file protein.txt (compact mmCIF, C-alpha atoms)
# COMPACT_ATOMS: atom_id res chain seq x y z
CA MET A 1 -42.64 31.98 25.65
CA PRO A 2 -43.24 28.39 24.47
CA VAL A 3 -44.95 26.09 26.95
CA SER A 4 -42.36 23.92 28.66
CA LEU A 5 -42.59 20.14 28.56
CA THR A 6 -42.82 20.15 32.34
CA THR A 7 -45.80 22.52 32.22
CA ALA A 8 -47.62 20.31 29.72
CA GLU A 9 -47.09 17.23 31.88
CA ILE A 10 -48.29 19.08 34.98
CA ALA A 11 -51.48 20.03 33.14
CA SER A 12 -52.21 16.39 32.23
CA GLN A 13 -52.48 15.21 35.84
CA PRO A 14 -56.27 15.31 36.38
CA ASP A 15 -56.83 12.89 33.50
CA CYS A 16 -54.02 10.65 34.75
CA TRP A 17 -55.61 10.48 38.20
CA LEU A 18 -58.91 9.43 36.69
CA ARG A 19 -57.20 6.57 34.86
CA ALA A 20 -55.42 5.56 38.05
CA ALA A 21 -58.72 5.43 39.93
CA ASP A 22 -60.17 3.26 37.18
CA ILE A 23 -57.40 0.66 37.40
CA ALA A 24 -57.15 0.59 41.22
CA THR A 25 -59.58 -2.31 41.48
CA ALA A 26 -57.79 -4.38 38.85
CA ALA A 27 -54.47 -3.76 40.60
CA ALA A 28 -55.82 -4.51 44.08
CA GLY A 29 -54.44 -8.05 44.22
CA ARG A 30 -50.90 -6.77 43.72
CA LEU A 31 -51.12 -3.85 46.13
CA PRO A 32 -50.77 -4.15 49.92
CA HIS A 33 -53.58 -6.09 51.58
CA ARG A 34 -55.33 -4.91 54.72
CA GLY A 35 -53.51 -6.19 57.78
CA GLU A 36 -50.14 -6.72 56.09
CA ARG A 37 -47.00 -5.20 57.54
CA VAL A 38 -45.71 -3.13 54.64
CA ALA A 39 -42.65 -1.07 53.71
CA VAL A 40 -42.60 1.36 50.80
CA ILE A 41 -39.30 2.36 49.18
CA GLY A 42 -38.24 4.87 46.58
CA CYS A 43 -35.72 7.58 45.83
CA GLY A 44 -36.30 11.33 45.77
CA THR A 45 -39.85 12.10 44.68
CA SER A 46 -40.85 8.44 44.96
CA TRP A 47 -39.69 8.37 48.57
CA PHE A 48 -41.86 11.38 49.39
CA MET A 49 -44.90 9.73 47.79
CA ALA A 50 -44.06 6.66 49.88
CA GLN A 51 -44.15 8.82 53.01
CA SER A 52 -47.59 10.19 52.14
CA TYR A 53 -48.99 6.76 51.35
CA ALA A 54 -47.56 5.25 54.52
CA ALA A 55 -49.31 7.88 56.63
CA LEU A 56 -52.59 7.42 54.75
CA ARG A 57 -52.52 3.61 54.99
CA GLU A 58 -51.93 3.64 58.73
CA GLN A 59 -54.56 6.35 59.18
CA ALA A 60 -57.04 4.13 57.33
CA GLY A 61 -56.31 1.24 59.70
CA HIS A 62 -54.80 -1.04 57.05
CA GLY A 63 -51.70 -1.91 59.05
CA VAL A 64 -48.18 -0.89 59.93
CA THR A 65 -46.63 0.96 56.99
CA ASP A 66 -43.10 2.37 56.89
CA ALA A 67 -41.48 4.49 54.18
CA PHE A 68 -37.75 4.42 53.46
CA ALA A 69 -35.31 5.88 51.00
CA ALA A 70 -34.31 2.74 49.11
CA SER A 71 -30.66 3.17 50.09
CA GLU A 72 -31.62 3.21 53.79
CA PHE A 73 -33.93 0.19 53.89
CA PRO A 74 -33.32 -1.76 57.14
CA SER A 75 -32.65 -5.21 55.72
CA ALA A 76 -32.97 -6.93 59.09
CA ARG A 77 -36.58 -5.77 59.57
CA ALA A 78 -39.36 -8.15 58.49
CA TYR A 79 -42.30 -7.14 56.29
CA ASP A 80 -45.12 -9.06 54.65
CA ARG A 81 -44.71 -7.06 51.45
CA VAL A 82 -42.51 -4.28 50.10
CA LEU A 83 -43.84 -1.76 47.61
CA ALA A 84 -41.19 -0.13 45.42
CA ILE A 85 -41.92 3.07 43.48
CA THR A 86 -39.68 3.80 40.49
CA ARG A 87 -40.70 5.82 37.46
CA SER A 88 -37.83 4.70 35.25
CA GLY A 89 -37.43 1.15 36.55
CA THR A 90 -33.67 1.71 36.47
CA THR A 91 -32.87 3.44 39.77
CA THR A 92 -29.90 1.60 41.23
CA GLU A 93 -30.84 1.74 44.92
CA VAL A 94 -34.36 0.43 44.26
CA LEU A 95 -33.07 -2.41 42.11
CA ARG A 96 -30.49 -3.45 44.70
CA ALA A 97 -33.02 -3.37 47.53
CA GLY A 98 -35.53 -5.34 45.47
CA ALA A 99 -32.98 -8.02 44.62
CA ARG A 100 -31.97 -8.44 48.29
CA LEU A 101 -35.60 -8.64 49.42
CA ARG A 102 -36.56 -11.22 46.82
CA ALA A 103 -33.53 -13.33 47.72
CA ALA A 104 -34.71 -13.24 51.34
CA GLY A 105 -38.22 -14.35 50.33
CA THR A 106 -40.02 -11.02 50.86
CA PRO A 107 -42.62 -10.28 48.15
CA VAL A 108 -41.80 -7.11 46.20
CA VAL A 109 -44.30 -5.19 44.08
CA ALA A 110 -43.07 -2.30 41.95
CA ILE A 111 -45.08 0.62 40.59
CA THR A 112 -43.34 1.83 37.45
CA ALA A 113 -43.89 3.67 34.20
CA ASP A 114 -41.77 1.30 32.13
CA PRO A 115 -42.08 -2.48 32.58
CA HIS A 116 -39.37 -3.18 29.99
CA THR A 117 -36.56 -2.21 32.36
CA PRO A 118 -34.47 -3.98 35.01
CA VAL A 119 -37.22 -3.51 37.61
CA GLN A 120 -38.94 -6.59 36.17
CA GLN A 121 -36.11 -8.70 37.65
CA ALA A 122 -36.15 -6.83 40.99
CA ALA A 123 -39.87 -7.32 41.71
CA ASP A 124 -42.27 -10.25 41.87
CA GLU A 125 -45.09 -8.22 40.35
CA LEU A 126 -45.52 -4.88 38.59
CA VAL A 127 -48.21 -2.23 38.51
CA VAL A 128 -47.61 -0.29 35.31
CA LEU A 129 -48.62 3.37 34.93
CA ASP A 130 -47.15 3.85 31.46
CA PHE A 131 -49.80 6.45 30.60
CA ALA A 132 -48.29 8.70 33.30
CA ASP A 133 -44.69 8.35 32.11
CA GLU A 134 -42.81 11.58 31.45
CA ARG A 135 -40.15 12.94 29.17
CA SER A 136 -39.21 15.51 31.80
CA VAL A 137 -36.28 15.09 34.13
CA VAL A 138 -38.35 16.73 36.87
CA GLN A 139 -40.99 14.24 37.96
CA THR A 140 -44.58 15.46 38.34
CA ARG A 141 -47.46 13.41 36.95
CA PHE A 142 -46.03 9.93 37.55
CA ALA A 143 -45.59 10.65 41.24
CA THR A 144 -49.03 12.14 41.80
CA THR A 145 -50.68 9.42 39.69
CA THR A 146 -48.99 6.78 41.84
CA LEU A 147 -50.37 8.42 44.97
CA ALA A 148 -53.79 8.77 43.32
CA LEU A 149 -53.76 5.02 42.58
CA LEU A 150 -52.82 4.19 46.14
CA ARG A 151 -55.42 6.54 47.58
CA ALA A 152 -58.10 4.94 45.40
CA HIS A 153 -56.94 1.52 46.62
CA LEU A 154 -57.46 2.74 50.19
CA GLY A 155 -61.04 3.68 49.29
CA HIS A 156 -60.67 7.41 48.64
CA ASP A 157 -63.15 8.96 46.24
CA LEU A 158 -60.93 11.11 43.99
CA THR A 159 -63.78 13.08 42.39
CA ALA A 160 -63.11 16.23 44.40
CA ALA A 161 -59.34 15.88 44.04
CA VAL A 162 -59.63 15.70 40.25
CA ALA A 163 -61.96 18.70 40.15
CA ASP A 164 -59.57 20.68 42.36
CA ALA A 165 -56.64 19.67 40.14
CA ARG A 166 -58.44 20.92 37.03
CA SER A 167 -58.68 24.31 38.72
CA ALA A 168 -55.10 24.10 39.96
CA VAL A 169 -53.63 23.74 36.47
CA THR A 170 -55.30 26.91 35.21
CA ALA A 171 -55.89 29.31 38.12
CA ALA A 172 -53.40 32.16 38.42
CA LEU A 173 -50.83 31.95 41.19
CA PRO A 174 -50.44 34.98 43.47
CA GLU A 175 -48.07 37.36 41.71
CA SER A 176 -45.74 37.67 44.70
CA LEU A 177 -44.88 33.97 44.92
CA PRO A 178 -42.42 33.53 42.01
CA ALA A 179 -40.39 36.51 43.21
CA ALA A 180 -40.19 35.40 46.86
CA GLU A 181 -36.66 35.15 48.22
CA GLN A 182 -37.36 31.89 50.01
CA THR A 183 -40.24 29.41 50.43
CA THR A 184 -40.92 26.97 53.25
CA PHE A 185 -43.48 24.18 52.78
CA LEU A 186 -45.39 22.74 55.73
CA GLY A 187 -47.62 19.70 56.13
CA THR A 188 -49.14 17.44 58.76
CA GLY A 189 -49.71 13.70 58.59
CA TRP A 190 -49.78 12.54 54.97
CA THR A 191 -49.30 16.08 53.65
CA TYR A 192 -45.80 16.28 55.12
CA GLY A 193 -44.66 14.05 52.24
CA LEU A 194 -46.28 16.54 49.86
CA ALA A 195 -44.43 19.39 51.54
CA GLN A 196 -41.16 17.50 51.06
CA GLU A 197 -41.99 16.94 47.40
CA ALA A 198 -42.96 20.58 46.80
CA ALA A 199 -39.63 21.74 48.18
CA LEU A 200 -37.80 19.23 46.01
CA LYS A 201 -39.59 20.50 42.90
CA MET A 202 -38.45 24.05 43.66
CA ARG A 203 -34.87 22.91 44.13
CA GLU A 204 -34.86 20.72 41.02
CA ALA A 205 -36.62 23.01 38.55
CA ALA A 206 -35.35 26.36 39.81
CA GLY A 207 -32.39 25.79 42.12
CA ALA A 208 -34.39 27.76 44.68
CA TRP A 209 -33.85 28.01 48.43
CA THR A 210 -36.68 25.98 49.88
CA GLU A 211 -37.23 23.98 53.05
CA SER A 212 -39.96 21.66 54.33
CA TYR A 213 -41.11 20.63 57.79
CA PRO A 214 -43.95 19.07 59.73
CA ALA A 215 -46.07 22.10 60.58
CA MET A 216 -45.62 21.92 64.35
CA GLU A 217 -41.88 21.25 64.02
CA TYR A 218 -41.53 24.50 62.06
CA ARG A 219 -41.94 26.41 65.34
CA HIS A 220 -38.86 24.70 66.79
CA GLY A 221 -36.21 26.78 65.05
CA PRO A 222 -37.03 26.92 61.33
CA ILE A 223 -39.44 29.83 61.83
CA SER A 224 -36.31 31.93 62.38
CA ILE A 225 -35.75 32.16 58.62
CA THR A 226 -39.23 33.58 58.01
CA GLY A 227 -39.47 37.28 57.23
CA PRO A 228 -40.53 39.91 54.69
CA GLY A 229 -40.23 38.69 51.12
CA ARG A 230 -40.35 35.05 52.18
CA THR A 231 -43.27 32.65 51.84
CA VAL A 232 -44.68 29.84 53.96
CA TRP A 233 -46.87 27.45 51.96
CA ALA A 234 -49.12 25.18 54.01
CA PHE A 235 -50.70 21.97 52.72
CA GLY A 236 -54.09 21.53 54.39
CA ALA A 237 -55.16 23.31 57.55
CA LEU A 238 -52.52 24.87 59.78
CA PRO A 239 -52.36 24.08 63.50
CA ALA A 240 -54.00 26.74 65.64
CA GLY A 241 -51.89 29.84 66.16
CA LEU A 242 -49.31 29.11 63.46
CA ALA A 243 -50.70 31.63 60.98
CA ASP A 244 -50.33 34.33 63.63
CA ASP A 245 -46.72 33.26 64.25
CA ILE A 246 -45.92 33.52 60.53
CA ALA A 247 -47.52 36.97 60.32
CA ALA A 248 -45.61 38.14 63.40
CA ALA A 249 -42.36 37.05 61.74
CA GLY A 250 -43.23 39.10 58.65
CA GLY A 251 -43.72 36.13 56.32
CA THR A 252 -46.36 35.68 53.65
CA LEU A 253 -48.68 32.71 54.18
CA GLU A 254 -49.99 30.78 51.18
CA SER A 255 -52.74 28.44 52.35
CA ARG A 256 -55.60 26.84 50.42
CA PRO A 257 -57.10 24.37 52.92
CA GLU A 258 -60.28 24.06 50.84
CA LEU A 259 -58.30 22.24 48.12
CA ASP A 260 -57.47 18.56 48.15
CA PRO A 261 -53.78 18.61 49.19
CA LEU A 262 -52.71 16.59 46.15
CA ALA A 263 -54.26 19.27 43.92
CA ASP A 264 -52.42 21.91 45.97
CA LEU A 265 -49.20 20.06 45.09
CA VAL A 266 -50.06 20.72 41.44
CA ARG A 267 -50.06 24.43 42.27
CA ALA A 268 -46.66 24.05 43.92
CA GLN A 269 -45.32 22.28 40.82
CA ARG A 270 -46.52 25.22 38.74
CA LEU A 271 -44.80 27.57 41.17
CA ALA A 272 -41.52 25.72 40.65
CA VAL A 273 -41.80 26.27 36.90
CA ALA A 274 -42.75 29.93 37.42
CA VAL A 275 -39.74 30.50 39.70
CA ALA A 276 -37.42 28.88 37.16
CA GLU A 277 -38.76 31.07 34.37
CA HIS A 278 -38.62 34.16 36.60
CA GLU A 279 -34.91 33.43 37.09
CA GLY A 280 -34.33 32.85 33.38
CA LEU A 281 -33.88 29.09 33.80
CA ASP A 282 -35.28 26.26 31.69
CA PRO A 283 -37.34 23.89 33.90
CA ASP A 284 -36.95 21.18 31.27
CA ARG A 285 -33.16 21.25 31.70
CA PRO A 286 -32.46 21.33 35.45
CA ARG A 287 -28.88 21.70 36.59
CA ASN A 288 -26.89 18.64 37.68
CA LEU A 289 -29.80 16.21 37.20
CA THR A 290 -30.60 13.23 35.01
CA ARG A 291 -33.92 11.44 34.58
CA SER A 292 -32.74 8.41 36.54
CA VAL A 293 -29.81 7.85 38.89
CA VAL A 294 -27.89 4.81 37.73
CA LEU A 295 -24.78 4.06 39.78
CA GLY A 296 -21.72 2.22 38.61
call {"tool": "encode", "arguments": {"input": "protein.txt", "output": "structure tokens"}}
result
Amino acid sequence: MPVSLTTAEIASQPDCWLRAADIATAAAGRLPHRGERVAVIGCGTSWFMAQSYAALREQAGHGVTDAFAASEFPSARAYDRVLAITRSGTTTEVLRAGARLRAAGTPVVAITADPHTPVQQAADELVVLDFADERSVVQTRFATTTLALLRAHLGHDLTAAVADARSAVTAALPESLPAAEQTTFLGTGWTYGLAQEAALKMREAAGAWTESYPAMEYRHGPISITGPGRTVWAFGALPAGLADDIAAAGGTLESRPELDPLADLVRAQRLAVAVAEHEGLDPDRPRNLTRSVVLG
């Protein structure tokens, strides 16, 4: 079977993260400053990366950081800076939010793969990751490269993450995972955004039944769907006792806490492709999706 375009772009991520780490210093003046009150907006995958970054920035003590779907941004709330994430630079909700914010005098910085798009009118400044742009409809490397850039800006050393990602793009996945009837992704703190993104990848690429929750919230009802032939994938370490609960319900736990969680997301992206191919679907041509949502 020929290698899908999505697979090739997934495999390129370690090199993209290295480039992002290299440009983090040069981009620092445009990215949120320590102490600023910041909102991060995006749609779909970009929103989930915003969630992860918001948790990381607050954890690092850099200041209040909120993440919103661009269509749900609370326009009456004041921020020192808004960071917009948009791969295509054409997503309608991001452009509308950016225009309203600029008109109100709020600085807007956009991270994009294509500066020659309408986002240049919706933002005061751009951070361009054109080397991470994709031909795929399903977004993989642009999203993770954006988060790698933002992590580097927060002072994270990405050496281990890149090494883990190099292993993640080649190591075999457990044989049972692509055939699982259902998969639930769990995370805590910043990895909850990754869990959301992993579930989205499975839905987009394979039309699969997937769900995602904060790990502790999973106990409050969602565990009821767990059972034989169904998988629970945990990003990072699980809270105490949760592995036993999953086993008691008959589910299969997939957990690699020794990996950097962003590298574990690479494994989940590969799983989405594997599930699509297992079902005879083409991950490069997902149902009902386009590369960018542009509204009339």
call {"tool": "atom_distance", "arguments": {"input": "protein.txt", "atom1": "CA of Leu186 in chain A", "atom2": "CA of Ser46 in chain A"}}
result
18.5 Å
call {"tool": "atom_distance", "arguments": {"input": "protein.txt", "atom1": "CA of Val128 in chain A", "atom2": "CA of Arg87 in chain A"}}
result
9.5 Å
call {"tool": "closest_residue", "arguments": {"input": "protein.txt", "among": "A:Asp133, A:Glu125, A:Asp284, A:Glu72", "to": "Ser88 in chain A", "atoms": "all atoms listed in the file"}}
result
A:Asp133
call {"tool": "atom_distance", "arguments": {"input": "protein.txt", "atom1": "CA of Thr145 in chain A", "atom2": "CA of Ile41 in chain A"}}
result
16.4 Å
call {"tool": "residues_around", "arguments": {"input": "protein.txt", "residues": "Tyr213 in chain A", "least_positions_apart": "2", "cutoff": "10 Å", "atoms": "only C-alpha atoms", "output": "PyMOL selection string"}}
result
chain A and resi 184-188+192-193+195-196+199+211+215-219+222+234
call {"tool": "closest_residue", "arguments": {"input": "protein.txt", "among": "A:His153, A:Arg102, A:Arg256, A:Arg267", "to": "Ser167 in chain A", "atoms": "all atoms listed in the file"}}
result
A:Arg267
call {"tool": "closest_residue", "arguments": {"input": "protein.txt", "among": "A:Ala21, A:Leu177, A:Leu194, A:Ala54", "to": "Pro261 in chain A", "atoms": "only C-alpha atoms"}}
result
A:Leu194
call {"tool": "closest_residue", "arguments": {"input": "protein.txt", "among": "A:Ala84, A:Leu200, A:Ala99, A:Ala208", "to": "His278 in chain A", "atoms": "all atoms listed in the file"}}
result
A:Ala208
call {"tool": "residues_around", "arguments": {"input": "protein.txt", "residues": "Ala70 in chain A", "least_positions_apart": "3", "cutoff": "10 Å", "atoms": "all atoms listed in the file", "output": "MDAnalysis selection string"}}
result
chainID A and resid 40:44 46:47 67 73:74 84:85 91:98
call {"tool": "residues_around", "arguments": {"input": "protein.txt", "residues": "range 2-15 of chain A", "least_positions_apart": "4", "cutoff": "6 Å", "atoms": "only C-alpha atoms", "output": "ChimeraX atom specification"}}
result
/A:136,141,162,165,169
call {"tool": "decode", "arguments": {"input": "protein.txt", "residues": "range 75-198 of chain A", "atoms": "C-alpha atoms", "output": "tab-separated table (two decimals), in the first residue's frame"}}
result
chain	number	residue	atom	x	y	z
A	75	SER	CA	-15.86	39.81	23.47
A	76	ALA	CA	-16.60	41.70	26.68
A	77	ARG	CA	-13.60	40.19	28.49
A	78	ALA	CA	-10.36	42.19	28.51
A	79	TYR	CA	-6.95	40.74	27.58
A	80	ASP	CA	-3.52	42.25	27.09
A	81	ARG	CA	-2.94	40.11	24.01
A	82	VAL	CA	-4.81	37.50	21.98
A	83	LEU	CA	-2.96	34.71	20.21
A	84	ALA	CA	-4.79	33.23	17.22
A	85	ILE	CA	-3.79	29.86	15.75
A	86	THR	CA	-4.83	29.19	12.15
A	87	ARG	CA	-3.00	26.89	9.76
A	88	SER	CA	-4.69	28.17	6.61
A	89	GLY	CA	-5.11	31.81	7.61
A	90	THR	CA	-8.61	31.65	6.13
A	91	THR	CA	-10.78	30.22	8.92
A	92	THR	CA	-13.83	32.45	9.12
A	93	GLU	CA	-14.36	32.44	12.90
A	94	VAL	CA	-10.71	33.33	13.58
A	95	LEU	CA	-10.76	36.16	11.05
A	96	ARG	CA	-13.97	37.62	12.47
A	97	ALA	CA	-12.70	37.44	16.04
A	98	GLY	CA	-9.39	39.01	15.05
A	99	ALA	CA	-11.09	41.89	13.26
A	100	ARG	CA	-13.33	42.63	16.27
A	101	LEU	CA	-10.39	42.52	18.68
A	102	ARG	CA	-8.23	44.82	16.58
A	103	ALA	CA	-11.10	47.28	16.24
A	104	ALA	CA	-11.36	47.30	20.04
A	105	GLY	CA	-7.63	47.96	20.41
A	106	THR	CA	-6.56	44.50	21.63
A	107	PRO	CA	-3.26	43.33	20.11
A	108	VAL	CA	-3.67	40.15	18.05
A	109	VAL	CA	-0.82	37.84	17.05
A	110	ALA	CA	-1.51	34.98	14.67
A	111	ILE	CA	0.49	31.79	14.22
A	112	THR	CA	-0.09	30.57	10.68
A	113	ALA	CA	1.41	28.49	7.91
A	114	ASP	CA	0.50	30.94	5.15
A	115	PRO	CA	1.08	34.68	5.62
A	116	HIS	CA	-0.36	35.50	2.19
A	117	THR	CA	-3.95	34.98	3.34
A	118	PRO	CA	-6.65	37.13	4.98
A	119	VAL	CA	-5.14	36.53	8.43
A	120	GLN	CA	-2.65	39.31	7.69
A	121	GLN	CA	-5.54	41.80	7.96
A	122	ALA	CA	-6.97	40.15	11.10
A	123	ALA	CA	-3.76	40.29	13.16
A	124	ASP	CA	-1.25	42.95	14.16
A	125	GLU	CA	1.67	40.54	13.85
A	126	LEU	CA	2.31	37.07	12.43
A	127	VAL	CA	4.49	34.15	13.42
A	128	VAL	CA	4.90	32.09	10.26
A	129	LEU	CA	5.53	28.33	10.35
A	130	ASP	CA	5.40	27.79	6.59
A	131	PHE	CA	7.84	24.88	6.84
A	132	ALA	CA	5.17	22.98	8.82
A	133	ASP	CA	2.35	23.63	6.35
A	134	GLU	CA	0.47	20.59	5.09
A	135	ARG	CA	-1.30	19.37	1.99
A	136	SER	CA	-3.45	17.08	4.13
A	137	VAL	CA	-6.96	17.96	5.18
A	138	VAL	CA	-6.27	16.28	8.52
A	139	GLN	CA	-3.94	18.53	10.49
A	140	THR	CA	-0.93	16.96	12.21
A	141	ARG	CA	2.49	18.61	11.96
A	142	PHE	CA	1.37	22.26	11.92
A	143	ALA	CA	-0.49	21.81	15.19
A	144	THR	CA	2.29	20.01	17.02
A	145	THR	CA	4.92	22.40	15.65
A	146	THR	CA	2.89	25.33	16.96
A	147	LEU	CA	2.80	23.75	20.40
A	148	ALA	CA	6.51	22.94	20.17
A	149	LEU	CA	7.22	26.62	19.40
A	150	LEU	CA	5.12	27.76	22.33
A	151	ARG	CA	6.70	25.25	24.68
A	152	ALA	CA	10.17	26.41	23.65
A	153	HIS	CA	9.07	30.01	24.28
A	154	LEU	CA	8.08	28.96	27.80
A	155	GLY	CA	11.59	27.59	28.33
A	156	HIS	CA	11.04	23.89	27.66
A	157	ASP	CA	14.02	21.94	26.39
A	158	LEU	CA	12.56	19.91	23.51
A	159	THR	CA	15.53	17.56	23.13
A	160	ALA	CA	13.79	14.62	24.80
A	161	ALA	CA	10.50	15.34	23.04
A	162	VAL	CA	12.19	15.26	19.63
A	163	ALA	CA	14.01	12.02	20.48
A	164	ASP	CA	10.75	10.45	21.65
A	165	ALA	CA	9.00	11.63	18.48
A	166	ARG	CA	11.66	10.00	16.29
A	167	SER	CA	10.85	6.72	18.01
A	168	ALA	CA	7.11	7.38	17.81
A	169	VAL	CA	7.10	7.68	14.02
A	170	THR	CA	8.72	4.28	13.53
A	171	ALA	CA	7.89	2.01	16.49
A	172	ALA	CA	5.14	-0.54	15.88
A	173	LEU	CA	1.78	0.12	17.48
A	174	PRO	CA	0.21	-2.71	19.50
A	175	GLU	CA	-1.61	-4.93	17.02
A	176	SER	CA	-4.91	-4.81	18.91
A	177	LEU	CA	-5.33	-1.03	18.73
A	178	PRO	CA	-6.46	-0.52	15.11
A	179	ALA	CA	-9.13	-3.18	15.51
A	180	ALA	CA	-10.54	-1.84	18.80
A	181	GLU	CA	-14.26	-1.13	18.72
A	182	GLN	CA	-13.90	2.15	20.59
A	183	THR	CA	-11.10	4.33	22.01
A	184	THR	CA	-11.22	6.85	24.84
A	185	PHE	CA	-8.35	9.32	25.32
A	186	LEU	CA	-7.51	10.73	28.75
A	187	GLY	CA	-5.24	13.54	29.90
A	188	THR	CA	-4.55	15.78	32.87
A	189	GLY	CA	-3.50	19.42	32.86
A	190	TRP	CA	-1.96	20.34	29.52
A	191	THR	CA	-2.34	16.80	28.18
A	192	TYR	CA	-6.13	17.05	28.23
A	193	GLY	CA	-5.84	19.21	25.09
A	194	LEU	CA	-3.76	16.43	23.53
A	195	ALA	CA	-6.44	13.89	24.44
A	196	GLN	CA	-9.04	16.09	22.74
A	197	GLU	CA	-6.85	16.33	19.65
A	198	ALA	CA	-6.17	12.58	19.52
